[in-house]
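What follows is entry-v5.txt (compact mmCIF, C-alpha atoms and all ligand atoms).
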# COMPACT_ATOMS: atom_id res chain seq x y z
CA MET A 831 76.76 105.59 138.42
CA SER A 832 79.93 104.23 136.73
CA LYS A 833 81.48 106.25 133.90
CA LYS A 834 80.90 104.98 130.35
CA LEU A 835 84.05 103.65 128.68
CA PHE A 836 84.96 105.25 125.40
CA ALA A 837 87.36 104.33 122.62
CA PHE A 838 88.80 106.24 119.67
CA VAL A 839 89.70 104.02 116.72
CA ILE A 840 91.60 104.89 113.55
CA GLY A 841 91.22 102.21 110.87
CA GLY A 842 87.83 101.07 112.19
CA THR A 843 86.07 101.03 108.83
CA GLY A 844 88.87 98.86 107.45
CA MET A 845 90.95 96.16 109.08
CA LEU A 846 89.82 97.12 112.60
CA GLU A 847 86.07 96.86 111.97
CA SER A 848 85.61 93.72 114.09
CA VAL A 849 87.61 95.37 116.88
CA CYS A 850 85.06 98.23 116.92
CA HIS A 851 82.10 95.82 117.05
CA TRP A 852 83.78 93.82 119.83
CA LEU A 853 84.45 96.99 121.83
CA THR A 854 80.76 97.98 121.64
CA GLU A 855 79.91 94.52 122.97
CA GLU A 856 82.37 95.16 125.82
CA GLY A 857 80.42 98.30 126.71
CA TYR A 858 82.48 101.00 124.95
CA ASP A 859 81.17 103.93 123.00
CA VAL A 860 83.43 103.80 119.93
CA TYR A 861 84.42 106.87 117.91
CA VAL A 862 85.61 105.79 114.46
CA VAL A 863 87.85 108.01 112.31
CA HIS A 864 87.13 107.78 108.60
CA ARG A 865 86.71 109.81 105.40
CA ASP A 866 84.15 107.69 103.57
CA ARG A 867 80.74 108.19 105.24
CA THR A 868 79.02 105.48 103.18
CA LYS A 869 81.61 102.93 104.26
CA PHE A 870 81.22 104.03 107.88
CA GLU A 871 77.42 103.76 107.78
CA ALA A 872 77.61 100.25 106.24
CA MET A 873 80.15 99.21 108.90
CA ARG A 874 77.99 100.68 111.67
CA LEU A 875 74.93 98.72 110.60
CA ARG A 876 76.87 95.43 110.52
CA GLY A 877 77.43 95.64 114.29
CA LYS A 878 75.16 94.41 117.08
CA HIS A 879 75.24 97.87 118.69
CA PRO A 880 75.17 100.46 115.88
CA ASP A 881 74.01 103.07 118.42
CA LYS A 882 77.41 102.81 120.14
CA LEU A 883 79.43 103.58 116.99
CA TYR A 884 80.07 107.27 116.33
CA SER A 885 81.34 108.92 113.16
CA VAL A 886 84.54 111.00 113.23
CA ALA A 887 84.69 112.19 109.64
CA VAL A 888 88.14 113.70 109.12
CA ASP A 889 91.24 113.21 106.99
CA TYR A 890 94.01 112.40 109.47
CA HIS A 891 96.51 114.26 107.28
CA ASP A 892 94.77 117.48 108.39
CA ASP A 893 96.29 117.96 111.88
CA GLU A 894 94.13 120.94 112.80
CA ALA A 895 90.86 119.28 111.75
CA LEU A 896 91.84 116.10 113.62
CA GLN A 897 92.67 118.09 116.74
CA ILE A 898 89.37 119.98 116.60
CA LYS A 899 87.36 116.75 116.13
CA LEU A 900 89.05 115.14 119.11
CA GLN A 901 88.57 118.26 121.25
CA GLU A 902 84.85 118.22 120.39
CA ILE A 903 84.52 114.56 121.37
CA ILE A 904 86.42 115.08 124.62
CA LYS A 905 84.10 117.99 125.44
CA ILE A 906 80.99 115.88 124.73
CA LYS A 907 82.26 112.92 126.77
CA GLY A 908 83.72 115.05 129.56
CA ASN A 909 86.93 113.01 129.45
CA CYS A 910 89.71 111.77 127.18
CA PRO A 911 89.40 108.28 125.64
CA ASP A 912 90.02 105.23 127.84
CA LEU A 913 91.41 103.40 124.82
CA ILE A 914 92.88 104.41 121.48
CA VAL A 915 93.44 101.87 118.72
CA SER A 916 95.56 103.41 115.98
CA TRP A 917 96.23 102.22 112.45
CA ILE A 918 97.65 105.23 110.64
CA HIS A 919 99.60 105.16 107.38
CA ASN A 920 103.18 106.50 107.42
CA SER A 921 102.00 109.32 105.13
CA ALA A 922 100.55 111.06 108.23
CA PRO A 923 103.44 111.22 110.75
CA ASN A 924 101.79 114.08 112.71
CA ALA A 925 98.45 112.37 113.25
CA LEU A 926 99.32 110.24 116.28
CA PRO A 927 101.34 113.02 118.02
CA THR A 928 98.35 115.36 117.46
CA ILE A 929 96.04 112.84 119.11
CA LEU A 930 98.49 112.18 121.96
CA LYS A 931 98.83 115.90 122.66
CA GLU A 932 95.08 116.20 123.23
CA VAL A 933 94.91 113.05 125.36
CA SER A 934 97.88 114.14 127.48
CA LYS A 935 95.34 116.15 129.51
CA ARG A 936 94.11 112.85 130.97
CA LYS A 937 95.58 112.04 134.37
CA GLU A 938 94.14 108.52 134.87
CA PRO A 939 95.71 105.50 133.08
CA TRP A 940 94.56 104.78 129.56
CA LYS A 941 95.68 102.44 126.81
CA LEU A 942 97.10 102.96 123.32
CA ILE A 943 97.14 100.01 120.91
CA HIS A 944 99.56 101.14 118.21
CA VAL A 945 99.19 98.99 115.09
CA GLN A 946 102.12 99.22 112.68
CA GLY A 947 103.07 97.66 109.35
CA SER A 948 105.73 94.99 108.94
CA SER A 949 108.54 97.33 107.93
CA SER A 950 108.20 99.32 111.20
CA PHE A 951 109.40 96.24 113.08
CA PHE A 952 112.87 96.71 111.67
CA VAL A 953 112.92 100.44 112.42
CA LYS A 954 111.67 100.14 116.04
CA GLU A 955 110.68 103.77 116.27
CA ASN A 956 110.37 105.27 119.71
CA THR A 957 106.82 106.53 120.19
CA SER A 958 106.72 109.12 122.92
CA VAL A 959 103.53 108.85 124.99
CA PRO A 960 102.19 110.82 127.97
CA GLU A 961 102.90 109.46 131.47
CA PRO A 962 99.63 107.61 132.26
CA CYS A 963 99.49 105.93 128.84
CA GLU A 964 99.89 102.15 128.79
CA TYR A 965 101.51 101.68 125.39
CA ARG A 966 100.92 98.43 123.47
CA ARG A 967 102.59 97.85 120.13
CA VAL A 968 101.24 95.52 117.44
CA TYR A 969 103.17 94.71 114.27
CA LEU A 970 101.36 93.28 111.27
CA GLY A 971 103.21 90.31 109.84
CA PHE A 972 102.34 87.79 107.18
CA VAL A 973 101.27 84.16 107.06
CA LEU A 974 103.77 81.54 105.95
CA ASP A 975 102.27 78.25 104.86
CA ASN A 976 105.00 75.85 103.69
CA GLU A 977 106.63 77.73 100.83
CA ASN A 978 103.66 80.07 100.24
CA SER A 979 103.17 83.35 102.03
CA ARG A 980 100.34 85.87 102.12
CA TRP A 981 99.45 89.07 103.96
CA LEU A 982 97.07 88.89 106.91
CA THR A 983 93.33 89.11 106.36
CA HIS A 984 91.30 91.83 108.10
CA GLU A 985 89.80 89.17 110.36
CA GLU A 986 93.22 87.85 111.39
CA ILE A 987 94.38 91.39 112.15
CA ALA A 988 91.24 92.26 114.13
CA ASN A 989 91.34 89.00 116.11
CA GLY A 990 95.02 89.62 116.89
CA VAL A 991 94.28 93.14 118.15
CA ILE A 992 91.36 91.89 120.27
CA LYS A 993 93.71 89.30 121.81
CA VAL A 994 96.26 92.01 122.60
CA ILE A 995 93.57 94.07 124.36
CA LYS A 996 92.22 91.05 126.28
CA GLN A 997 95.64 89.62 127.29
CA ASP A 998 97.29 93.03 127.64
CA TYR A 999 100.39 92.00 125.66
CA ARG A 1000 103.10 94.70 125.53
CA GLU A 1001 104.46 93.95 122.07
CA THR A 1002 103.01 91.52 119.56
CA VAL A 1003 103.56 90.38 116.00
CA ILE A 1004 100.37 89.15 114.36
CA GLY A 1005 101.43 86.37 112.02
CA THR A 1006 105.17 86.24 111.47
CA LEU A 1007 107.96 88.49 110.22
CA LYS A 1008 110.51 85.74 109.79
CA PRO A 1009 112.06 84.84 107.52
CA TRP A 1010 111.63 88.34 106.09
CA ASN A 1011 112.73 87.23 102.62
CA LYS A 1012 109.67 84.94 102.49
CA ARG A 1013 107.21 87.84 102.85
CA PRO A 1014 104.57 88.14 100.12
CA SER A 1015 105.40 90.42 97.23
N1 LIG B 1 101.58 93.12 107.12
C1 LIG B 1 101.62 94.42 106.89
O1 LIG B 1 102.61 95.05 107.16
C2 LIG B 1 100.48 95.18 106.32
C3 LIG B 1 100.56 96.53 106.36
C4 LIG B 1 99.55 97.29 105.83
C5 LIG B 1 98.48 96.71 105.26
N2 LIG B 1 98.41 95.39 105.21
C6 LIG B 1 97.29 94.82 104.52
O2 LIG B 1 96.76 95.81 103.65
C7 LIG B 1 95.38 95.82 103.70
C8 LIG B 1 94.87 97.25 103.52
O3 LIG B 1 95.36 98.20 104.48
P1 LIG B 1 94.73 99.67 104.48
O4 LIG B 1 95.22 100.48 105.60
O5 LIG B 1 94.83 100.26 103.14
O6 LIG B 1 93.24 99.33 104.68
P2 LIG B 1 92.16 99.34 105.77
O7 LIG B 1 92.53 99.13 107.17
O8 LIG B 1 91.16 98.42 105.20
O9 LIG B 1 91.62 100.83 105.62
C9 LIG B 1 92.22 101.93 106.17
C10 LIG B 1 91.34 102.53 107.30
O10 LIG B 1 91.88 103.77 107.71
C11 LIG B 1 91.00 104.83 107.31
N3 LIG B 1 91.79 105.86 106.67
C12 LIG B 1 92.73 105.68 105.70
N4 LIG B 1 93.27 106.85 105.36
C13 LIG B 1 92.66 107.78 106.13
C14 LIG B 1 92.79 109.19 106.24
N5 LIG B 1 93.65 109.88 105.47
N6 LIG B 1 92.03 109.84 107.14
C15 LIG B 1 91.15 109.16 107.91
N7 LIG B 1 90.97 107.83 107.86
C16 LIG B 1 91.72 107.15 106.97
C17 LIG B 1 90.04 104.22 106.32
O11 LIG B 1 88.82 104.95 106.29
P3 LIG B 1 88.33 105.69 104.93
O12 LIG B 1 88.38 104.66 103.85
O13 LIG B 1 86.96 106.19 105.22
O14 LIG B 1 89.31 106.80 104.71
C18 LIG B 1 89.91 102.84 106.90
O15 LIG B 1 89.11 102.83 108.05
C19 LIG B 1 94.99 95.12 104.98
O16 LIG B 1 94.01 94.17 104.70
C20 LIG B 1 96.25 94.40 105.48
O17 LIG B 1 96.16 92.99 105.37
C21 LIG B 1 99.38 94.58 105.74
Would you write the structure of this file as structure tokens?
Ligand SMILES: NC(=O)c1ccc[n+]([C@@H]2O[C@H](COP(=O)([O-])OP(=O)(O)OC[C@H]3O[C@@H](n4cnc5c(N)ncnc54)[C@H](OP(=O)(O)O)[C@@H]3O)[C@@H](O)[C@H]2O)c1
Amino acid sequence: MSKKLFAFVIGGTGMLESVCHWLTEEGYDVYVVHRDRTKFEAMRLRGKHPDKLYSVAVDYHDDEALQIKLQEIIKIKGNCPDLIVSWIHNSAPNALPTILKEVSKRKEPWKLIHVQGSSSFFVKENTSVPEPCEYRRVYLGFVLDNENSRWLTHEEIANGVIKVIKQDYRETVIGTLKPWNKRPS
């Protein structure tokens, strides 16, 4: 019997909701990090496969709690995630390294979709990942329509991330980041 694919998603009750639903349709069990259980439950029930969406209730600023949650999931699944989709605010710089440390036990290839805000594009930080990790970086841009600009909608972000997963793009900007002085205020 083939092994069941599993994904770990941070941001899945927000801008990455449609990514979680799409992943369940692609056959993944999806573990969704969140703090607000009501929001998670509402999101879960909006999907076609609510039984494939699992709650990971933890504040990602709490490194130890995050590590323990991930260890528990890895124990239940008998393996590390096949895919991680990460949207983590800059206020939690230790969260992704904490996750990566746990997943470094995995020897087979796996994929990290690292979603970052516009300003990260100009910093180009070097994210250190374990050897078998296929690292994919996604920058969130904005939409420029003639002289007007606006930030991306959740749907635009989720569709962009789904495209990155499907097409396996290495580095992507959803929307645009140029000209930077035209970004929305
Ligand atoms: N172009 C850009 O650079 C850019 C950058 C950032 C944002 N944006 C825009 O800003 C909007 C809002 O972004 P957002 O990140 O606030 O919203 P979001 O994606 O709607 O929500 C954040 C997600 O992360 C989870 N989360 C947040 N803090 C957490 C924590 N401490 N521990 C665990 N989970 C946590 C939330 O769950 P809980 O609510 O349950 O905690 C939720 O799933 C987006 O619609 C996007 O368009 C644009």
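Taking CA of Thr843 (chain A) and atom N1 of ligand LIG 1 (chain B) as the two end points, the separation is 17.5 Å.
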Q: Check every protein, DNA and RNA residue against ligand LIG 1 (chain B), keep those with an atom at most 7 Å away (counting all atoms listed in the file), and present them as an MDAnalysis selection string.
A: chainID A and resid 840:846 863:867 869:870 888:891 917:919 946:949 970:972 981:984
Would you write out those residues with C-alpha atoms, as an mmCIF file, keeping the file's coordinate frame?
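Produced file selection.cif, reproduced below:
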data_model
loop_
_atom_site.group_PDB
_atom_site.id
_atom_site.type_symbol
_atom_site.label_atom_id
_atom_site.label_comp_id
_atom_site.auth_asym_id
_atom_site.auth_seq_id
_atom_site.Cartn_x
_atom_site.Cartn_y
_atom_site.Cartn_z
ATOM 1 C CA ILE A 840 91.600 104.890 113.550
ATOM 2 C CA GLY A 841 91.220 102.210 110.870
ATOM 3 C CA GLY A 842 87.830 101.070 112.190
ATOM 4 C CA THR A 843 86.070 101.030 108.830
ATOM 5 C CA GLY A 844 88.870 98.860 107.450
ATOM 6 C CA MET A 845 90.950 96.160 109.080
ATOM 7 C CA LEU A 846 89.820 97.120 112.600
ATOM 8 C CA VAL A 863 87.850 108.010 112.310
ATOM 9 C CA HIS A 864 87.130 107.780 108.600
ATOM 10 C CA ARG A 865 86.710 109.810 105.400
ATOM 11 C CA ASP A 866 84.150 107.690 103.570
ATOM 12 C CA ARG A 867 80.740 108.190 105.240
ATOM 13 C CA LYS A 869 81.610 102.930 104.260
ATOM 14 C CA PHE A 870 81.220 104.030 107.880
ATOM 15 C CA VAL A 888 88.140 113.700 109.120
ATOM 16 C CA ASP A 889 91.240 113.210 106.990
ATOM 17 C CA TYR A 890 94.010 112.400 109.470
ATOM 18 C CA HIS A 891 96.510 114.260 107.280
ATOM 19 C CA TRP A 917 96.230 102.220 112.450
ATOM 20 C CA ILE A 918 97.650 105.230 110.640
ATOM 21 C CA HIS A 919 99.600 105.160 107.380
ATOM 22 C CA GLN A 946 102.120 99.220 112.680
ATOM 23 C CA GLY A 947 103.070 97.660 109.350
ATOM 24 C CA SER A 948 105.730 94.990 108.940
ATOM 25 C CA SER A 949 108.540 97.330 107.930
ATOM 26 C CA LEU A 970 101.360 93.280 111.270
ATOM 27 C CA GLY A 971 103.210 90.310 109.840
ATOM 28 C CA PHE A 972 102.340 87.790 107.180
ATOM 29 C CA TRP A 981 99.450 89.070 103.960
ATOM 30 C CA LEU A 982 97.070 88.890 106.910
ATOM 31 C CA THR A 983 93.330 89.110 106.360
ATOM 32 C CA HIS A 984 91.300 91.830 108.100
#
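Using all atoms listed in the file, the nearest neighbour of Leu930 (chain A) within the list A:Phe838, A:Phe951, A:Tyr999, A:Tyr884 is A:Phe838.
Distances from A:Leu835, A:Leu896, A:Glu871, A:Pro880 to Tyr858 (chain A) were compared using all atoms listed in the file, and the smallest one belongs to A:Leu835.
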Q.
Can you tell me which residues surround Val945 (chain A) at a distance of at most 6 Å, considering only C-alpha atoms, apart from same-chain residues fewer than 5 positions away, and format the answer as a PyMOL selection string?
A. chain A and resi 916-917+968-969
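Distance-wise, CA of Val862 (chain A) and CA of His879 (chain A) end up 13.7 Å apart.
Each of A:Ala922, A:Cys850, A:Val915, A:Val886 was checked against Gln901 (chain A) using all atoms listed in the file; the smallest atom-to-atom distance is that of A:Val886.
Picture a line from CA of Ile914 (chain A) to CA of His944 (chain A); it runs 8.1 Å.
Among the candidates A:Val959, A:Lys954, A:Glu932, A:Arg874, the one nearest to Lys905 (chain A) when counting all atoms listed in the file is A:Glu932.
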Q.
Let me make sure I understand: among A:Thr928, A:Ser1015, A:Asn989, A:Gln997, which one has the smallest atom-to-atom distance to Val849 (chain A) if we use only C-alpha atoms?
A. A:Asn989
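The shortest atom-to-atom distance to Asp859 (chain A), with only C-alpha atoms taken into account, belongs to A:Lys907 out of A:Lys907, A:Lys1008, A:Lys899, A:Arg876.
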Q: Within 10 Å of (98.2, 118.8, 118.7) (coordinates as in the file), grab all the protein and nucleic acid residues, counting all atoms listed in the file, and write them out as a ChimeraX atom specification.
A: /A:893-894,896-898,900-901,924-934
(Q) If we count all atoms listed in the file and set the cut-off at 9 Å, which residues sit around Glu964 (chain A), ignoring sequence neighbours fewer than 5 positions away in its own chain? Please answer as a ChimeraX atom specification. (A) /A:939-943,959,1000
Keeping only C-alpha atoms, write the selected residues to a file as a compact mmCIF listing (two decimals), in the coordinates of the input.
# COMPACT_ATOMS: atom_id res chain seq x y z
CA PRO A 939 95.71 105.50 133.08
CA TRP A 940 94.56 104.78 129.56
CA LYS A 941 95.68 102.44 126.81
CA LEU A 942 97.10 102.96 123.32
CA ILE A 943 97.14 100.01 120.91
CA VAL A 959 103.53 108.85 124.99
CA ARG A 1000 103.10 94.70 125.53
Q. Near Gly877 (chain A), counting all atoms listed in the file, which residues have an atom at most 10 Å away, once you skip same-chain residues fewer than 5 positions from it, shown as a count of residues only?
A. 10
